[in-house]
Every structure is written in structure tokens, then in C-alpha cells.
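Engineer: Input file: structure-v7.txt. Contents: compact mmCIF, C-alpha atoms.
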# COMPACT_ATOMS: atom_id res chain seq x y z
CA MET A 5 15.25 -27.59 -2.79
CA ARG A 6 17.71 -24.77 -2.35
CA ILE A 7 17.97 -24.35 -6.12
CA GLY A 8 14.18 -24.21 -6.31
CA LEU A 9 14.14 -21.41 -3.77
CA ILE A 10 16.81 -19.47 -5.63
CA ILE A 11 14.85 -19.82 -8.87
CA ALA A 12 11.67 -18.62 -7.16
CA PHE A 13 13.53 -15.64 -5.72
CA LEU A 14 15.03 -14.74 -9.12
CA ALA A 15 11.58 -15.01 -10.70
CA LEU A 16 10.23 -12.56 -8.13
CA VAL A 17 13.12 -10.17 -8.79
CA ALA A 18 12.47 -10.39 -12.53
CA LEU A 19 8.76 -9.70 -12.02
CA LEU A 20 9.46 -6.64 -9.89
CA ALA A 21 12.14 -5.43 -12.33
CA ILE A 22 9.64 -5.57 -15.19
CA GLY A 23 7.20 -3.63 -13.01
CA LEU A 24 9.78 -0.88 -12.54
CA THR A 25 10.20 -0.34 -16.27
CA ARG A 26 6.49 0.25 -16.79
CA ASN A 27 4.98 3.69 -16.57
CA PRO A 28 2.19 3.81 -13.98
CA ARG A 29 1.01 7.12 -15.48
CA GLU A 30 -0.09 5.37 -18.63
CA VAL A 31 -3.49 4.12 -17.70
CA PRO A 32 -5.04 2.14 -20.54
CA SER A 33 -8.03 4.12 -21.76
CA PRO A 34 -11.37 2.36 -21.82
CA LEU A 35 -12.27 4.68 -24.71
CA VAL A 36 -10.06 2.93 -27.26
CA GLY A 37 -12.39 0.95 -29.52
CA LYS A 38 -15.38 3.07 -28.50
CA PRO A 39 -17.02 5.90 -30.46
CA ALA A 40 -15.42 9.29 -29.82
CA PRO A 41 -17.71 11.18 -27.39
CA ALA A 42 -19.88 13.73 -29.16
CA PHE A 43 -19.55 17.45 -28.45
CA GLU A 44 -20.20 20.80 -29.99
CA LEU A 45 -17.70 23.50 -29.20
CA PRO A 46 -16.77 26.90 -30.63
CA ARG A 47 -13.70 27.01 -32.86
CA LEU A 48 -10.79 28.98 -31.51
CA GLY A 49 -10.78 32.50 -32.96
CA GLN A 50 -13.71 31.78 -35.29
CA GLU A 51 -17.46 32.16 -35.26
CA ALA A 52 -18.16 28.62 -36.42
CA ARG A 53 -18.64 25.64 -34.16
CA PHE A 54 -17.42 22.09 -34.55
CA SER A 55 -18.73 18.65 -33.76
CA PRO A 56 -16.84 15.36 -34.35
CA ALA A 57 -19.79 14.10 -36.40
CA GLU A 58 -18.57 16.41 -39.22
CA MET A 59 -15.51 14.17 -39.58
CA ARG A 60 -17.44 11.03 -40.48
CA GLY A 61 -15.76 9.21 -43.35
CA LYS A 62 -12.35 10.64 -42.50
CA VAL A 63 -9.47 9.40 -40.40
CA TRP A 64 -8.34 12.27 -38.17
CA LEU A 65 -6.33 13.24 -35.15
CA LEU A 66 -7.60 15.09 -32.10
CA ASN A 67 -4.81 16.64 -30.05
CA VAL A 68 -5.53 18.01 -26.58
CA TRP A 69 -3.29 20.98 -25.82
CA ALA A 70 -2.99 24.04 -23.62
CA SER A 71 -0.71 27.05 -23.52
CA TRP A 72 0.15 26.32 -19.87
CA CYS A 73 1.18 22.76 -20.69
CA VAL A 74 4.96 22.46 -20.75
CA SER A 75 5.26 19.15 -22.61
CA CYS A 76 2.94 20.51 -25.31
CA ARG A 77 5.85 22.71 -26.27
CA ASP A 78 8.10 19.65 -26.68
CA GLU A 79 5.47 18.00 -28.80
CA HIS A 80 4.74 21.05 -30.90
CA PRO A 81 7.48 20.68 -33.58
CA VAL A 82 6.35 17.09 -34.22
CA LEU A 83 2.83 18.30 -34.88
CA VAL A 84 4.06 21.16 -37.09
CA ASP A 85 6.01 18.62 -39.14
CA PHE A 86 3.01 16.34 -39.35
CA ALA A 87 0.74 19.19 -40.46
CA LYS A 88 3.13 20.02 -43.32
CA SER A 89 2.60 16.53 -44.73
CA LYS A 90 -1.19 17.11 -44.75
CA ARG A 91 -1.60 13.41 -44.06
CA VAL A 92 -4.92 13.60 -42.19
CA PRO A 93 -6.79 16.47 -40.53
CA LEU A 94 -5.34 17.52 -37.19
CA ILE A 95 -7.80 19.21 -34.89
CA GLY A 96 -6.82 20.75 -31.58
CA LEU A 97 -8.83 20.61 -28.39
CA ASN A 98 -7.69 23.64 -26.46
CA TYR A 99 -8.07 22.54 -22.85
CA LYS A 100 -8.83 25.04 -20.09
CA ASP A 101 -6.89 27.97 -21.43
CA PRO A 102 -7.87 31.31 -19.93
CA GLY A 103 -8.47 34.42 -22.04
CA ASP A 104 -6.52 34.73 -25.27
CA ASP A 105 -3.53 32.67 -24.04
CA ALA A 106 -4.25 30.02 -26.65
CA MET A 107 -4.20 32.47 -29.57
CA LYS A 108 -0.98 34.05 -28.32
CA TRP A 109 0.65 30.63 -27.95
CA LEU A 110 -0.24 29.65 -31.53
CA ALA A 111 0.94 33.00 -32.83
CA ARG A 112 4.26 32.49 -31.08
CA PHE A 113 4.98 28.84 -31.88
CA GLY A 114 3.00 28.32 -35.08
CA ASP A 115 -0.37 26.71 -35.66
CA PRO A 116 -0.25 23.09 -36.90
CA TYR A 117 -4.00 22.58 -36.49
CA ASP A 118 -6.66 22.69 -39.17
CA PHE A 119 -8.40 24.51 -36.34
CA SER A 120 -8.78 24.18 -32.59
CA VAL A 121 -11.93 24.01 -30.52
CA VAL A 122 -12.25 25.63 -27.12
CA ASP A 123 -12.97 23.50 -24.06
CA ALA A 124 -12.91 26.31 -21.54
CA ASN A 125 -14.17 24.48 -18.46
CA GLY A 126 -12.60 21.09 -19.27
CA ARG A 127 -15.94 19.25 -19.56
CA ILE A 128 -15.20 17.68 -22.92
CA GLY A 129 -11.75 16.79 -21.66
CA ILE A 130 -13.42 14.76 -18.91
CA ASP A 131 -15.64 13.01 -21.49
CA TYR A 132 -12.47 12.01 -23.33
CA GLY A 133 -10.82 10.83 -20.13
CA VAL A 134 -8.09 13.47 -20.36
CA TYR A 135 -5.85 13.55 -17.31
CA GLY A 136 -2.43 14.56 -18.58
CA VAL A 137 -2.20 17.11 -21.37
CA PRO A 138 -1.03 16.65 -24.11
CA GLU A 139 -3.11 13.71 -25.25
CA THR A 140 -3.75 12.59 -28.82
CA TYR A 141 -6.60 10.50 -30.21
CA LEU A 142 -6.65 8.76 -33.57
CA ILE A 143 -10.22 8.46 -34.78
CA ASP A 144 -11.31 6.30 -37.71
CA ARG A 145 -13.85 6.85 -40.49
CA ALA A 146 -16.71 5.52 -38.37
CA GLY A 147 -15.86 7.90 -35.54
CA VAL A 148 -14.30 5.22 -33.33
CA ILE A 149 -11.20 6.00 -31.25
CA ARG A 150 -8.49 3.63 -32.43
CA TYR A 151 -5.51 4.86 -30.48
CA LYS A 152 -4.78 7.18 -27.59
CA GLN A 153 -1.43 8.68 -26.72
CA ILE A 154 -1.01 10.10 -23.24
CA GLY A 155 1.82 12.60 -23.08
CA PRO A 156 3.74 14.17 -25.95
CA VAL A 157 3.88 12.57 -29.38
CA THR A 158 7.53 11.97 -30.21
CA PRO A 159 8.95 11.66 -33.75
CA GLU A 160 9.52 7.92 -33.07
CA LEU A 161 5.95 7.40 -31.93
CA MET A 162 4.68 9.28 -34.97
CA ALA A 163 6.76 7.20 -37.39
CA GLN A 164 6.38 3.82 -35.73
CA LYS A 165 2.87 3.89 -34.39
CA ILE A 166 0.61 6.69 -35.58
CA LEU A 167 1.53 6.89 -39.28
CA PRO A 168 1.32 3.09 -39.82
CA LEU A 169 -2.02 3.07 -37.99
CA ILE A 170 -3.34 5.87 -40.20
CA GLN A 171 -2.27 3.91 -43.26
CA GLU A 172 -4.04 0.83 -41.97
CA LEU A 173 -7.24 2.73 -41.16
CA GLU A 174 -7.33 4.45 -44.54
CA ARG A 175 -7.04 1.19 -46.43
CA MET B 25 4.11 54.75 21.21
CA LYS B 26 0.41 54.03 21.07
CA ARG B 27 0.50 54.28 17.33
CA LEU B 28 3.36 51.77 17.18
CA VAL B 29 1.41 49.29 19.32
CA CYS B 30 -1.58 49.70 17.04
CA LEU B 31 0.58 49.08 14.00
CA LEU B 32 2.14 45.98 15.55
CA ALA B 33 -1.26 44.65 16.52
CA ALA B 34 -2.47 45.23 12.99
CA LEU B 35 0.57 43.42 11.58
CA LEU B 36 -0.04 40.48 13.93
CA LEU B 37 -3.64 40.23 12.82
CA LEU B 38 -2.78 40.49 9.13
CA PRO B 39 -2.00 36.76 8.56
CA LEU B 40 -5.39 35.84 10.02
CA GLY B 41 -7.11 37.94 7.43
CA LEU B 42 -5.00 36.40 4.66
CA GLN B 43 -5.79 32.89 5.84
CA ALA B 44 -9.47 33.61 5.83
CA ARG B 45 -9.26 34.67 2.21
CA GLU B 46 -7.46 31.45 1.20
CA ALA B 47 -10.08 29.20 2.77
CA PRO B 48 -12.00 27.05 0.26
CA PRO B 49 -15.55 28.09 -0.48
CA VAL B 50 -17.96 26.87 2.15
CA ALA B 51 -20.19 24.06 0.99
CA THR B 52 -23.66 25.21 0.20
CA ASP B 53 -25.42 21.93 0.73
CA GLU B 54 -24.15 19.77 3.60
CA LYS B 55 -25.82 16.57 2.37
CA VAL B 56 -24.47 16.88 -1.16
CA GLU B 57 -20.97 17.45 0.19
CA GLN B 58 -21.21 14.43 2.46
CA ARG B 59 -22.18 12.17 -0.41
CA LEU B 60 -19.55 13.76 -2.63
CA ASN B 61 -16.91 12.98 -0.02
CA ALA B 62 -18.07 9.41 0.45
CA ILE B 63 -17.91 8.80 -3.31
CA ALA B 64 -14.66 10.69 -3.82
CA GLU B 65 -12.92 8.68 -1.06
CA GLU B 66 -13.39 5.58 -3.23
CA LEU B 67 -12.03 7.20 -6.40
CA ARG B 68 -8.42 7.64 -7.35
CA CYS B 69 -7.08 10.99 -8.50
CA LEU B 70 -5.62 10.44 -11.97
CA VAL B 71 -3.05 13.19 -11.70
CA CYS B 72 -1.59 12.27 -8.30
CA GLN B 73 -2.17 8.57 -8.32
CA ASN B 74 -1.65 7.85 -4.65
CA GLU B 75 -4.30 10.26 -3.52
CA SER B 76 -8.04 9.86 -3.45
CA LEU B 77 -10.19 12.27 -5.36
CA ALA B 78 -11.49 13.55 -2.03
CA ALA B 79 -8.02 14.43 -0.74
CA SER B 80 -6.62 15.86 -3.95
CA ARG B 81 -6.37 19.55 -4.70
CA ALA B 82 -5.25 18.95 -8.29
CA ASP B 83 -7.04 20.93 -10.97
CA LEU B 84 -8.55 17.86 -12.61
CA ALA B 85 -9.68 16.53 -9.22
CA MET B 86 -11.51 19.78 -8.55
CA ASP B 87 -13.18 19.55 -11.96
CA LEU B 88 -14.18 15.94 -11.38
CA LYS B 89 -15.59 16.81 -7.96
CA ARG B 90 -17.59 19.54 -9.64
CA GLU B 91 -18.99 16.96 -12.08
CA VAL B 92 -19.82 14.55 -9.24
CA ARG B 93 -21.47 17.33 -7.26
CA GLU B 94 -23.66 18.18 -10.23
CA MET B 95 -24.58 14.54 -10.77
CA ILE B 96 -25.57 14.21 -7.11
CA LYS B 97 -27.76 17.29 -7.44
CA ALA B 98 -29.27 15.80 -10.59
CA GLY B 99 -30.35 12.77 -8.54
CA LYS B 100 -27.89 10.21 -9.93
CA THR B 101 -27.17 7.14 -7.81
CA ASP B 102 -23.68 6.32 -6.50
CA ALA B 103 -23.45 3.42 -8.96
CA GLU B 104 -24.30 5.72 -11.87
CA ILE B 105 -21.64 8.19 -10.79
CA ARG B 106 -19.00 5.47 -10.43
CA ASP B 107 -19.99 4.19 -13.86
CA PHE B 108 -19.48 7.69 -15.30
CA MET B 109 -15.90 7.69 -13.99
CA VAL B 110 -15.09 4.12 -15.07
CA LYS B 111 -16.36 4.80 -18.61
CA ARG B 112 -13.84 7.63 -18.93
CA TYR B 113 -10.88 6.51 -16.90
CA GLY B 114 -11.24 2.73 -16.57
CA ASP B 115 -11.30 0.46 -13.52
CA PHE B 116 -8.11 2.16 -12.41
CA VAL B 117 -10.08 5.03 -10.87
CA LEU B 118 -11.76 2.67 -8.42
CA TYR B 119 -9.84 1.88 -5.26
CA ARG B 120 -11.88 -1.32 -5.11
CA PRO B 121 -12.02 -2.51 -8.73
CA PRO B 122 -14.58 -5.18 -9.66
CA LEU B 123 -13.52 -8.82 -9.79
CA LYS B 124 -13.12 -9.75 -13.44
CA GLU B 125 -10.65 -11.35 -15.77
CA SER B 126 -8.24 -8.42 -15.93
CA THR B 127 -8.26 -7.89 -12.15
CA LEU B 128 -8.08 -11.56 -11.19
CA LEU B 129 -4.37 -11.44 -10.39
CA LEU B 130 -4.87 -8.31 -8.31
CA TRP B 131 -7.58 -9.89 -6.17
CA LEU B 132 -6.29 -13.45 -5.94
CA GLY B 133 -2.53 -12.84 -6.21
CA PRO B 134 -1.96 -12.25 -2.48
CA PHE B 135 -3.87 -15.40 -1.56
CA ALA B 136 -1.93 -17.37 -4.16
CA LEU B 137 1.31 -16.10 -2.60
CA LEU B 138 0.05 -17.08 0.86
CA VAL B 139 -0.80 -20.60 -0.31
CA ALA B 140 2.61 -20.89 -2.00
CA GLY B 141 4.24 -19.79 1.25
CA PHE B 142 2.43 -22.44 3.23
CA ALA B 143 3.35 -25.07 0.64
CA VAL B 144 7.05 -24.22 0.94
CA LEU B 145 6.76 -24.27 4.75
CA ALA B 146 5.09 -27.68 4.72
CA LEU B 147 7.80 -29.00 2.43
CA PHE B 148 10.49 -27.74 4.80
CA VAL B 149 8.88 -29.25 7.87
CA ARG B 150 8.42 -32.62 6.20
CA ARG B 151 12.06 -32.72 5.08
CA ARG B 152 13.33 -31.88 8.50
CA ARG B 153 11.17 -34.56 10.08
CA ALA B 154 12.42 -37.09 7.56
CA ALA B 155 16.03 -36.17 8.40
CA GLN B 156 15.40 -36.55 12.14
CA ALA B 157 13.67 -39.87 11.99
CA ILE B 158 16.15 -42.60 13.05
CA THR B 159 15.63 -46.24 12.35
CA LEU B 160 16.70 -48.62 15.15
CA THR B 161 18.06 -52.09 14.65
CA ALA B 162 17.06 -54.95 16.97
CA GLU B 163 20.41 -54.60 18.73
CA ASP B 164 19.83 -50.86 19.32
CA GLU B 165 16.42 -51.59 20.82
CA ARG B 166 17.86 -54.07 23.26
CA ARG B 167 20.53 -51.63 24.41
CA ALA B 168 17.98 -48.88 24.82
CA GLU B 169 15.76 -51.09 26.91
CA ALA B 170 18.63 -52.13 29.11
CA LEU B 171 19.64 -48.51 29.62
CA LEU B 172 16.14 -47.53 30.57
CA LYS B 173 15.75 -50.40 33.01
CA GLY B 174 19.03 -50.54 34.84
CA GLY B 175 21.05 -47.59 33.81
CA GLU B 176 24.10 -49.87 33.54
CA ARG B 177 25.91 -50.63 30.38
CA PRO B 178 25.00 -54.08 29.09
Once more with this new file: its structure as C-alpha cells, please.
Structural biologist:
Amino acid sequence: MRIGLIIAFLALVALLAIGLTRNPREVPSPLVGKPAPAFELPRLGQEARFSPAEMRGKVWLLNVWASWCVSCRDEHPVLVDFAKSKRVPLIGLNYKDPGDDAMKWLARFGDPYDFSVVDANGRIGIDYGVYGVPETYLIDRAGVIRYKQIGPVTPELMAQKILPLIQELER
Amino acid sequence: MKRLVCLLAALLLLPLGLQAREAPPVATDEKVEQRLNAIAEELRCLVCQNESLAASRADLAMDLKREVREMIKAGKTDAEIRDFMVKRYGDFVLYRPPLKESTLLLWLGPFALLVAGFAVLALFVRRRRAAQAITLTAEDERRAEALLKGGERP
């Protein structure tokens, strides 16, 4: 009996310990496995506009960023590296950046994006369920979101998760 | 002297003026705001997860309230608005998530723990009772009877 109680107690401790190691900020997105929400937004610093429908038939990455976002700066070198490899198109969604802050930020730190689109009032961000910039979406040839990263993409995540997934989706 | 008093009075009144400027914009439509609040009380703010959307002043919360306000004005029902949020952020945004496979543990877990607690309690009580129960031999019974009757030792 006493041993049973001790085992039950240890099981509870183990359960709570596992709970502590999990990140409550990472809310599983209901958008994974669903078509990427449609939009049409102006490109940053260009006349042209962009809509995700143009990317049909391609695997691509959509990265939500902002000049005011501190962890975007941590993530930035990883994206610059990725862009050098020209693996798949990388398109930025510039989220709620006032004035020409976005252009200045890219000029200062380098521009890894094929281009960025401007979501000035954050509406498209809401459609994509953005709640903690930076966020990154991997979208397949059919326009379906296959993976979502909340928070900065690290070199490990890029090598172990995103690149293998791209390979799988391009097969 | 008079001028000094005036200046002091003006300085005292200054914070009032500043406060007034910081106040949030007054709601234009009382009914819309009431519904917005009722809905937002039931929704979780994604940025500050222990706050409701109604209580939060986070940037995203303000944006989401703006969306909800517009949906109310567009004549959407509460269910449609909740659906809009769940489609984007998942059941997690609802303070009262629906009962389904993935939320089963959340809804039934506490009751399961309660039942387990009662089971352990029952087990304890039964064991104690078993330990206390004493079996009497025929000789014991006779002595007990004698004690009860006469009070003298047999």
C-alpha cells in the first residue's frame, strides 16, 4: 500500500516535471495542414503587389518580421545564410512597421528576402494567427502550410527540421 | 506672491490635464462595446496568456478587439466571431474550450483525480477496519459475559 502511494506520488512529480519543460508560449497552430490564407499586399519598396497564389507549384518560406522585433535580429543571420543557398524562395511579411523603419532595418542588417510584403495594420498577421514575431511558415506546392515556427529560427532548427522538410516536400 | 500661487495652482492642475490626454478613446457605440467586452472576456490574450482579451492592453489584443468590433458592426453572431478566433489561434484562445478528444483530459482529468482520491480513501478505511476487527474465542465470550453481568473476575 505504502509503496503504491509512493509510486503514485512519483508519477505525479514526473508528470509535473515534464510540464515544466514544455513551452506554454508554443501554441500548436490550427493552420498547419490548411491552405495558407490568401492576401494581396504591396511589396516593400516596390510598386508591384504580391499574393500567395503566385507561388503555386513552389515550396516556399514566409517569414514574419518587424524592425521593432528584438528576436528577429537574432534570427536574421540564419535567414541571410539560408538565402545564400537559394534553396527555396524566402518571402518576408513585414508586420506593423511604421514609416520607413523596415527599409532602414534591411539596409542596416542585409536583406535575405526575395522581397517583403507590407502588412501595415497587422490584418494579414491575424489571418495567419501571428502572435509572437518572428514566425515562419513553410508552404508546399499546393499552397498548404506544412510547418509553423513560432519564435526565431535557429541554425539547429533550420538544419534538423526545415531543410529536411523542404527536401521531403520537393520530392 | 499672487503670481506664485497661480503658478503653484497651475502646476497642481497639470497632472489632471496629462491624465485626461492618456485616457483611452471613448467608445462610440455603447452596445457594440458591451458585446465586445462580453466576447473578449471569454477569449485568451495570446501575448500575455493569463489575461483575457478584454483585460489586455497588448498590441495584438488591441488589434484583435478592433477585428471583433468590426465583426460585431458587420452583424456577425458571437459564435461566428469565436469561430474566427479559433480558426486562427486554435481552441487555446477559448477559456472554455469545447469537449473533444484533445480536450478530454482537461475536462475529465479533475473528476478522474477526485474518483482516484475517493478510491484510495475507501481502501484506507477498509484496511483500518480489517485491522481493528477482533475475533473472539468461546472462552473470551464467556469471560466478557461474566464481566458484564457481575463485574467480578470469573
Engineer: Restrict the distance test to all atoms listed in the file, flag each residue of chain B within 7 Å of chain A, and return the flagged residues as a PyMOL selection string.
Structural biologist: chain B and resi 70-71+84+111-114
Engineer: Enclose all atoms of range 102-111 of chain B listed in the file in an axis-aligned box, grow every side by 8 Å, and hand back centre and edge lengths in Å to one decimal, as lines of an AutoDock Vina configuration file.
Structural biologist:
center_x = -19.7
center_y = 5.8
center_z = -12.6
size_x = 25.2
size_y = 20.8
size_z = 28.1
Engineer: Might you pull out every residue within 8 Å of Tyr99 in chain A, with all atoms listed in the file counted and same-chain residues fewer than 2 positions away left off, and present them as a list in words?
Structural biologist: Val68, Trp69, Ala70, Leu97, Asp101, Val122, Asp123, Ala124, Asn125, Gly126 and Gly129 of chain A
Engineer: Would you list the contacts of Leu173 in chain A as JSON, numbers by chain, taking every protein, DNA or RNA residue within 10 Å and counting all atoms listed in the file, but skipping same-chain residues closer than 2 positions in sequence?
Structural biologist: {"A": [62, 63, 142, 143, 144, 145, 150, 167, 168, 169, 170, 171, 175]}
Engineer: So that I have them on file, write out the residues from the current selection with C-alpha atoms, as a PDB file, keeping the file's coordinate frame.
Structural biologist:
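Result went into again-v6.pdb, see below:
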ATOM      1  CA  LYS A  62     -12.350  10.640 -42.500  1.00  0.00           C
ATOM      2  CA  VAL A  63      -9.470   9.400 -40.400  1.00  0.00           C
ATOM      3  CA  LEU A 142      -6.650   8.760 -33.570  1.00  0.00           C
ATOM      4  CA  ILE A 143     -10.220   8.460 -34.780  1.00  0.00           C
ATOM      5  CA  ASP A 144     -11.310   6.300 -37.710  1.00  0.00           C
ATOM      6  CA  ARG A 145     -13.850   6.850 -40.490  1.00  0.00           C
ATOM      7  CA  ARG A 150      -8.490   3.630 -32.430  1.00  0.00           C
ATOM      8  CA  LEU A 167       1.530   6.890 -39.280  1.00  0.00           C
ATOM      9  CA  PRO A 168       1.320   3.090 -39.820  1.00  0.00           C
ATOM     10  CA  LEU A 169      -2.020   3.070 -37.990  1.00  0.00           C
ATOM     11  CA  ILE A 170      -3.340   5.870 -40.200  1.00  0.00           C
ATOM     12  CA  GLN A 171      -2.270   3.910 -43.260  1.00  0.00           C
ATOM     13  CA  ARG A 175      -7.040   1.190 -46.430  1.00  0.00           C
TER      14      ARG A 175
END
Engineer: Which neighbours of range 96-108 of chain B fall inside 9 Å, counting all atoms listed in the file, when residues of the same chain fewer than 5 positions from it are skipped, and could you give them as number ranges by chain?
Structural biologist: B: 56, 59-60, 63, 67, 91, 113, 117-118
Engineer: Provide the CA of Phe116 in chain B to CA of Lys55 in chain B distance in Å, to one decimal place.
Structural biologist: 27.2 Å
Engineer: Between CA of Glu57 in chain B and CA of Met95 in chain B, what distance in Å does the model show, to one decimal?
Structural biologist: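 Going from CA of Glu57 in chain B over to CA of Met95 in chain B, I get 11.9 Å.
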Engineer: Given the choices A:Leu24, A:Val121, A:Ala12, A:Leu94, which gets closest to Gln50 in chain A if the distance is worked out from only C-alpha atoms?
Structural biologist: A:Val121
Engineer: Interatomic distance between CA of Gly133 in chain B and CA of Asp115 in chain B?
Structural biologist: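 Rounded to one decimal, the two atoms are 17.5 Å apart.
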Engineer: Mind checking which residues fall within 9 Å of Phe113 in chain A, counting all atoms listed in the file, ignoring those fewer than 2 positions away in the same chain, and posting them as an mmCIF file with C-alpha atoms, in the coordinates of the input?
Structural biologist:
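So the final result, stored in out06.cif, reads:
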data_model
loop_
_atom_site.group_PDB
_atom_site.id
_atom_site.type_symbol
_atom_site.label_atom_id
_atom_site.label_comp_id
_atom_site.auth_asym_id
_atom_site.auth_seq_id
_atom_site.Cartn_x
_atom_site.Cartn_y
_atom_site.Cartn_z
ATOM 1 C CA ARG A 77 5.850 22.710 -26.270
ATOM 2 C CA HIS A 80 4.740 21.050 -30.900
ATOM 3 C CA PRO A 81 7.480 20.680 -33.580
ATOM 4 C CA LYS A 108 -0.980 34.050 -28.320
ATOM 5 C CA TRP A 109 0.650 30.630 -27.950
ATOM 6 C CA LEU A 110 -0.240 29.650 -31.530
ATOM 7 C CA ALA A 111 0.940 33.000 -32.830
ATOM 8 C CA ASP A 115 -0.370 26.710 -35.660
#
Engineer: I want to know what sits within 12 Å of Asp78 in chain A, based on all atoms listed in the file, with residues of the same chain fewer than 4 positions away left out; could you give that as an MDAnalysis selection string?
Structural biologist: chainID A and resid 69 71 73:74 82:84 113 137:138 155:159
Engineer: Here's a test: counting all atoms listed in the file, identify every protein, DNA and RNA residue with an atom at most 10 Å from (-18.0, 9.0, -30.5) in the file's coordinate frame, and state them as a PDB file with C-alpha atoms, in the coordinates of the input.
Structural biologist:
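And here's result_28.pdb as it stands now:
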ATOM      1  CA  LEU A  35     -12.270   4.680 -24.710  1.00  0.00           C
ATOM      2  CA  GLY A  37     -12.390   0.950 -29.520  1.00  0.00           C
ATOM      3  CA  LYS A  38     -15.380   3.070 -28.500  1.00  0.00           C
ATOM      4  CA  PRO A  39     -17.020   5.900 -30.460  1.00  0.00           C
ATOM      5  CA  ALA A  40     -15.420   9.290 -29.820  1.00  0.00           C
ATOM      6  CA  PRO A  41     -17.710  11.180 -27.390  1.00  0.00           C
ATOM      7  CA  ALA A  42     -19.880  13.730 -29.160  1.00  0.00           C
ATOM      8  CA  PHE A  43     -19.550  17.450 -28.450  1.00  0.00           C
ATOM      9  CA  PRO A  56     -16.840  15.360 -34.350  1.00  0.00           C
ATOM     10  CA  ALA A  57     -19.790  14.100 -36.400  1.00  0.00           C
ATOM     11  CA  TYR A 132     -12.470  12.010 -23.330  1.00  0.00           C
ATOM     12  CA  ILE A 143     -10.220   8.460 -34.780  1.00  0.00           C
ATOM     13  CA  ALA A 146     -16.710   5.520 -38.370  1.00  0.00           C
ATOM     14  CA  GLY A 147     -15.860   7.900 -35.540  1.00  0.00           C
ATOM     15  CA  VAL A 148     -14.300   5.220 -33.330  1.00  0.00           C
ATOM     16  CA  ILE A 149     -11.200   6.000 -31.250  1.00  0.00           C
TER      17      ILE A 149
END
